[in-house]
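Undergrad: Sharing a structure with you now.
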Amino acid sequence: MEIFGYVASIFIGISLGLIGGGGSILTVPVLVYLFGIDAFLATEYSLFIVGISSLVGSVSYFKKGLVNLRTAFIFGVPSIVSILLTRNYLLPLIPNEVFTFGSFIVTKDIFLLLLFAGLMITASYKMIQKSVELKIETIPSQNNNTPLAVAEGSVVGILTGLVGAGGGFMIIPALVNLLKTPMKVAIGTSLVIISLNSLIGFFSSMNHIKIEWNLLGNISAIAIFGIIIGSQLSKKIDGKKLKPAFGWFILVMGIYIIIKELFF
C-alpha cells in the first residue's frame, strides 16, 4: 500500500500548486489508510507535510508580490496562538476512549478521523459551489472586518491543531470577503499562513511523539515535487474548472471515512 501512498502524495502537492488548496485535506487519509499510521500521529505528520509544501508553494507568489504580509499577520497570529494551545493543551485532554454507544467504542483515533471527515465534507461543499466567485465580487464593502478575520483565524488554528489540515478552504474566502484581498493575493497569503501555522504546530508538539524522519522526509519530498508540477500545470490548465470535480472527490472520501470508521 505504501506505493499507492507515495503516488497519492504527488497529488497532494499537485492540488496545492494547481488550485491553491485542497491538498492538505488528503494528507491525513493518505497517511492513515495507505501508510497505516494511527490518526493522532497522522495529524502530526500532516502538519509537517502541509507546512513544508505550502512554504515551497508560497515562494513563487512572494516573488511576484502576491503575498500581503500585513494580512498574513492579522489572520496568522490568532491562528498560531490557537494551534499552539490546541496541540499542547486541548488535544492531550481527549481521552483514548471518547464515548461508547452500546458495544461500539469511539476511540481517540476514530473521533479524530470522524472530525476530519466532517471537515472534508465542509471543504467539498466550498469547492463544489460554482457561484463562489460571483458571491465574493458582489459582497458589499464593510468598514472594518478585522475582528471577524481574527476570530476566523482562531477557528482555523483550532481545526489545524486538531486534525492537521491547513484550512485553506476557510482562509481564502475569509481573506477575500472580510479583508477585501484580491483572489491571487489571497491564495499566496493563504499559503504563507498555512505554512506558518502547520510548521509552528509541528515543531511545538513534536517532542511528545516518535517521528520516523525517513518516511516523513520521503512523503514531503514527493509532495513538494507534486506542487512544482501543479504550479507548471496551472499555467496551462485553469485550476478553477477542476475545483468542483476535486470537491466531489473529497466529498466521497469524507463519506467513505465515516462509513469505514462507524460500520467496519
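Each chain of the C-alpha cells is named A, B, ... in the order shown, its residues numbered from 1; ligands are numbered from 1 in display order.
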Which of region 12-237 of chain A end up as helix (DSSP H, G or I) when DSSP is run on this backbone - answer as a PyMOL selection string?

TA: chain A and resi 12-19+24-34+39-63+69-93+108-128+132-138+146-163+168-177+183-208+213-233

Undergrad: Do a neighbour search on region 7-19 of chain A at 10 Å with only C-alpha atoms, toss out local chain neighbours closer than 2 positions, and write the hits as a PyMOL selection string.

TA: chain A and resi 2-5+21-27+30-31+34+49-50+53-54+56-58+168+187+191+218-243+246

Undergrad: Looking at A:Leu47, A:Ala149, A:Val163, A:Val155, which one is nearest to Leu91 (chain A), with distances taken over only C-alpha atoms?

TA: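 Comparing A:Leu47, A:Ala149, A:Val163, A:Val155 against Leu91 (chain A), the winner is A:Val163.
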
Undergrad: Region 12-251 of chain A: which residues are strand (DSSP E or B) by DSSP, as a list of chain:residue names?

TA: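 The strand (DSSP E or B) residues within region 12-251 of chain A come out as A:Glu97, A:Val98, A:Phe99, A:Thr100, A:Phe101, A:Phe104, A:Ile105, A:Val106, A:Thr107.
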
Undergrad: Produce a file of the selected residues containing C-alpha atoms, as an mmCIF file, in the first residue's frame.

TA:
```cif
data_model
loop_
_atom_site.group_PDB
_atom_site.id
_atom_site.type_symbol
_atom_site.label_atom_id
_atom_site.label_comp_id
_atom_site.auth_asym_id
_atom_site.auth_seq_id
_atom_site.Cartn_x
_atom_site.Cartn_y
_atom_site.Cartn_z
ATOM 1 C CA GLU A 97 -11.970 6.254 24.755
ATOM 2 C CA VAL A 98 -14.091 9.319 23.988
ATOM 3 C CA PHE A 99 -17.504 7.684 24.481
ATOM 4 C CA THR A 100 -19.352 4.402 23.968
ATOM 5 C CA PHE A 101 -22.561 3.728 22.069
ATOM 6 C CA PHE A 104 -19.290 0.426 19.938
ATOM 7 C CA ILE A 105 -16.361 2.361 21.419
ATOM 8 C CA VAL A 106 -15.367 5.669 19.864
ATOM 9 C CA THR A 107 -11.624 5.869 20.439
#
```

Undergrad: Env of Leu55 (chain A): 8 Å cut, atoms = only C-alpha atoms, seq-sep filter 5 positions within chain, self excluded. Answer as a short mmCIF file (atom, residue, chain, number, x, y, z; two decimals) with N, CA, C and O atoms, in the first residue's frame.

TA:
```cif
data_model
loop_
_atom_site.label_atom_id
_atom_site.label_comp_id
_atom_site.auth_asym_id
_atom_site.auth_seq_id
_atom_site.Cartn_x
_atom_site.Cartn_y
_atom_site.Cartn_z
N LEU A 191 -1.18 30.51 1.54
CA LEU A 191 -0.09 29.53 1.59
C LEU A 191 0.93 29.89 2.67
O LEU A 191 1.45 29.01 3.36
N VAL A 192 1.21 31.19 2.82
CA VAL A 192 2.13 31.63 3.87
C VAL A 192 1.55 31.33 5.25
O VAL A 192 2.24 30.81 6.14
N SER A 195 1.59 27.57 5.93
CA SER A 195 2.94 27.07 6.21
C SER A 195 3.38 27.44 7.62
O SER A 195 3.94 26.60 8.35
N LEU A 196 3.11 28.68 8.04
CA LEU A 196 3.48 29.10 9.40
C LEU A 196 2.72 28.33 10.45
O LEU A 196 3.28 27.81 11.42
#
```

Undergrad: Mind checking which residues fall within 9 Å of Gly188 (chain A), counting only C-alpha atoms, ignoring those fewer than 6 positions away in the same chain, and posting them as a PyMOL selection string?

TA: chain A and resi 20+57-62+65-68

Undergrad: Could you take the residues named above and write them with N, CA, C and O atoms, as a compact mmCIF listing (two decimals), in the first residue's frame?

TA:
```
# COMPACT_ATOMS: atom_id res chain seq x y z
N GLY A 20 -4.46 25.94 -5.49
CA GLY A 20 -4.18 26.78 -4.33
C GLY A 20 -4.67 26.24 -3.01
O GLY A 20 -4.72 26.94 -2.01
N GLY A 57 5.32 26.29 -2.07
CA GLY A 57 4.34 26.85 -2.98
C GLY A 57 4.20 28.36 -2.88
O GLY A 57 3.86 29.03 -3.86
N SER A 58 4.47 28.90 -1.69
CA SER A 58 4.31 30.35 -1.49
C SER A 58 5.46 31.16 -2.08
O SER A 58 5.31 32.37 -2.27
N VAL A 59 6.59 30.51 -2.36
CA VAL A 59 7.78 31.23 -2.83
C VAL A 59 7.50 31.97 -4.14
O VAL A 59 7.82 33.16 -4.28
N SER A 60 6.87 31.29 -5.11
CA SER A 60 6.61 31.93 -6.40
C SER A 60 5.64 33.09 -6.25
O SER A 60 5.77 34.11 -6.93
N TYR A 61 4.66 32.95 -5.35
CA TYR A 61 3.71 34.05 -5.10
C TYR A 61 4.43 35.24 -4.47
O TYR A 61 4.15 36.39 -4.80
N PHE A 62 5.36 34.94 -3.55
CA PHE A 62 6.10 36.01 -2.87
C PHE A 62 6.97 36.77 -3.88
O PHE A 62 7.05 38.01 -3.83
N GLY A 65 5.08 39.30 -5.79
CA GLY A 65 4.43 40.34 -4.99
C GLY A 65 2.98 40.02 -4.67
O GLY A 65 2.18 40.93 -4.42
N LEU A 66 2.63 38.73 -4.64
CA LEU A 66 1.26 38.32 -4.41
C LEU A 66 1.05 37.79 -2.99
O LEU A 66 0.21 36.91 -2.75
N VAL A 67 1.82 38.33 -2.04
CA VAL A 67 1.66 37.98 -0.63
C VAL A 67 1.53 39.27 0.16
O VAL A 67 2.38 40.16 0.07
N ASN A 68 0.45 39.40 0.93
CA ASN A 68 0.22 40.57 1.77
C ASN A 68 0.63 40.21 3.19
O ASN A 68 -0.08 39.49 3.90
```

Undergrad: Find the residue from A:Pro95, A:Gly118, A:Gly51, A:Pro147 that sits nearest to Leu251 (chain A); use only C-alpha atoms when measuring.

TA: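 The closest residue to Leu251 (chain A) is A:Gly118.
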
Undergrad: Find the residues near Thr181 (chain A): any atom within 12 Å, counting only C-alpha atoms, skip ones fewer than 2 places away on the same chain, and give them as a ChimeraX atom specification.

TA: /A:66-72,136-137,141,145,149,171-179,183-190

Undergrad: Using only N, CA, C and O atoms, please write the residues we just selected to a file, as a short mmCIF file (atom, residue, chain, number, x, y, z; two decimals), in the first residue's frame.

TA:
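Output contents, as saved in result21.cif:
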```cif
data_model
loop_
_atom_site.label_atom_id
_atom_site.label_comp_id
_atom_site.auth_asym_id
_atom_site.auth_seq_id
_atom_site.Cartn_x
_atom_site.Cartn_y
_atom_site.Cartn_z
N LEU A 66 2.63 38.73 -4.64
CA LEU A 66 1.26 38.32 -4.41
C LEU A 66 1.05 37.79 -2.99
O LEU A 66 0.21 36.91 -2.75
N VAL A 67 1.82 38.33 -2.04
CA VAL A 67 1.66 37.98 -0.63
C VAL A 67 1.53 39.27 0.16
O VAL A 67 2.38 40.16 0.07
N ASN A 68 0.45 39.40 0.93
CA ASN A 68 0.22 40.57 1.77
C ASN A 68 0.63 40.21 3.19
O ASN A 68 -0.08 39.49 3.90
N LEU A 69 1.80 40.71 3.62
CA LEU A 69 2.34 40.35 4.93
C LEU A 69 1.48 40.90 6.07
O LEU A 69 1.35 40.26 7.12
N ARG A 70 0.89 42.08 5.87
CA ARG A 70 0.04 42.65 6.92
C ARG A 70 -1.19 41.76 7.14
O ARG A 70 -1.56 41.46 8.29
N THR A 71 -1.79 41.32 6.05
CA THR A 71 -2.95 40.43 6.15
C THR A 71 -2.55 39.10 6.77
O THR A 71 -3.29 38.54 7.60
N ALA A 72 -1.38 38.58 6.38
CA ALA A 72 -0.89 37.33 6.96
C ALA A 72 -0.71 37.47 8.47
O ALA A 72 -0.99 36.53 9.23
N ILE A 136 -18.30 36.50 -4.02
CA ILE A 136 -17.18 37.28 -3.50
C ILE A 136 -17.19 38.69 -4.08
O ILE A 136 -16.98 39.67 -3.39
N GLU A 137 -17.45 38.78 -5.38
CA GLU A 137 -17.39 40.07 -6.05
C GLU A 137 -18.54 41.00 -5.67
O GLU A 137 -18.43 42.20 -5.73
N SER A 141 -19.06 46.19 0.67
CA SER A 141 -17.91 46.55 1.49
C SER A 141 -18.36 47.00 2.88
O SER A 141 -19.34 47.70 3.04
N ASN A 145 -13.71 44.65 9.09
CA ASN A 145 -13.99 43.24 9.39
C ASN A 145 -12.79 42.54 10.02
O ASN A 145 -12.76 41.32 10.08
N ALA A 149 -12.04 38.57 11.02
CA ALA A 149 -10.90 37.83 10.46
C ALA A 149 -10.06 37.21 11.57
O ALA A 149 -9.59 36.08 11.45
N ILE A 171 -9.57 29.88 4.86
CA ILE A 171 -8.72 31.07 4.89
C ILE A 171 -8.96 31.96 3.68
O ILE A 171 -9.14 33.18 3.82
N ILE A 172 -8.97 31.36 2.47
CA ILE A 172 -9.10 32.17 1.25
C ILE A 172 -10.41 32.97 1.21
O ILE A 172 -10.38 34.18 0.97
N PRO A 173 -11.59 32.35 1.47
CA PRO A 173 -12.82 33.16 1.49
C PRO A 173 -12.79 34.26 2.54
O PRO A 173 -13.30 35.36 2.32
N ALA A 174 -12.17 33.98 3.69
CA ALA A 174 -12.09 35.00 4.75
C ALA A 174 -11.22 36.17 4.31
O ALA A 174 -11.56 37.34 4.55
N LEU A 175 -10.09 35.89 3.68
CA LEU A 175 -9.21 36.96 3.22
C LEU A 175 -9.89 37.82 2.16
O LEU A 175 -9.77 39.05 2.16
N VAL A 176 -10.63 37.16 1.26
CA VAL A 176 -11.30 37.89 0.18
C VAL A 176 -12.51 38.66 0.69
O VAL A 176 -12.68 39.86 0.41
N ASN A 177 -13.36 37.99 1.46
CA ASN A 177 -14.62 38.59 1.88
C ASN A 177 -14.46 39.59 3.04
O ASN A 177 -15.10 40.63 3.05
N LEU A 178 -13.63 39.23 4.01
CA LEU A 178 -13.52 40.05 5.22
C LEU A 178 -12.45 41.13 5.10
O LEU A 178 -12.64 42.24 5.60
N LEU A 179 -11.33 40.79 4.47
CA LEU A 179 -10.22 41.75 4.38
C LEU A 179 -10.04 42.32 2.98
O LEU A 179 -9.09 43.03 2.71
N MET A 183 -8.05 37.91 -5.19
CA MET A 183 -8.01 36.45 -5.14
C MET A 183 -6.59 35.89 -5.23
O MET A 183 -6.19 35.04 -4.43
N LYS A 184 -5.79 36.35 -6.20
CA LYS A 184 -4.44 35.81 -6.36
C LYS A 184 -3.57 36.11 -5.13
O LYS A 184 -2.77 35.28 -4.71
N VAL A 185 -3.75 37.30 -4.56
CA VAL A 185 -3.01 37.65 -3.35
C VAL A 185 -3.50 36.80 -2.17
O VAL A 185 -2.71 36.39 -1.31
N ALA A 186 -4.81 36.53 -2.16
CA ALA A 186 -5.38 35.71 -1.08
C ALA A 186 -4.79 34.30 -1.11
O ALA A 186 -4.49 33.72 -0.05
N ILE A 187 -4.60 33.74 -2.31
CA ILE A 187 -4.03 32.40 -2.43
C ILE A 187 -2.59 32.39 -1.93
O ILE A 187 -2.19 31.53 -1.14
N GLY A 188 -1.79 33.37 -2.38
CA GLY A 188 -0.40 33.45 -1.94
C GLY A 188 -0.28 33.68 -0.44
O GLY A 188 0.54 33.04 0.24
N THR A 189 -1.11 34.58 0.09
CA THR A 189 -1.09 34.87 1.52
C THR A 189 -1.56 33.67 2.33
O THR A 189 -1.02 33.37 3.40
N SER A 190 -2.56 32.96 1.79
CA SER A 190 -3.06 31.76 2.46
C SER A 190 -1.97 30.70 2.59
O SER A 190 -1.83 30.06 3.64
#
```

Undergrad: In Å to one decimal, how far is CA of Gly247 (chain A) from CA of Ile110 (chain A)?

TA: 23.1 Å
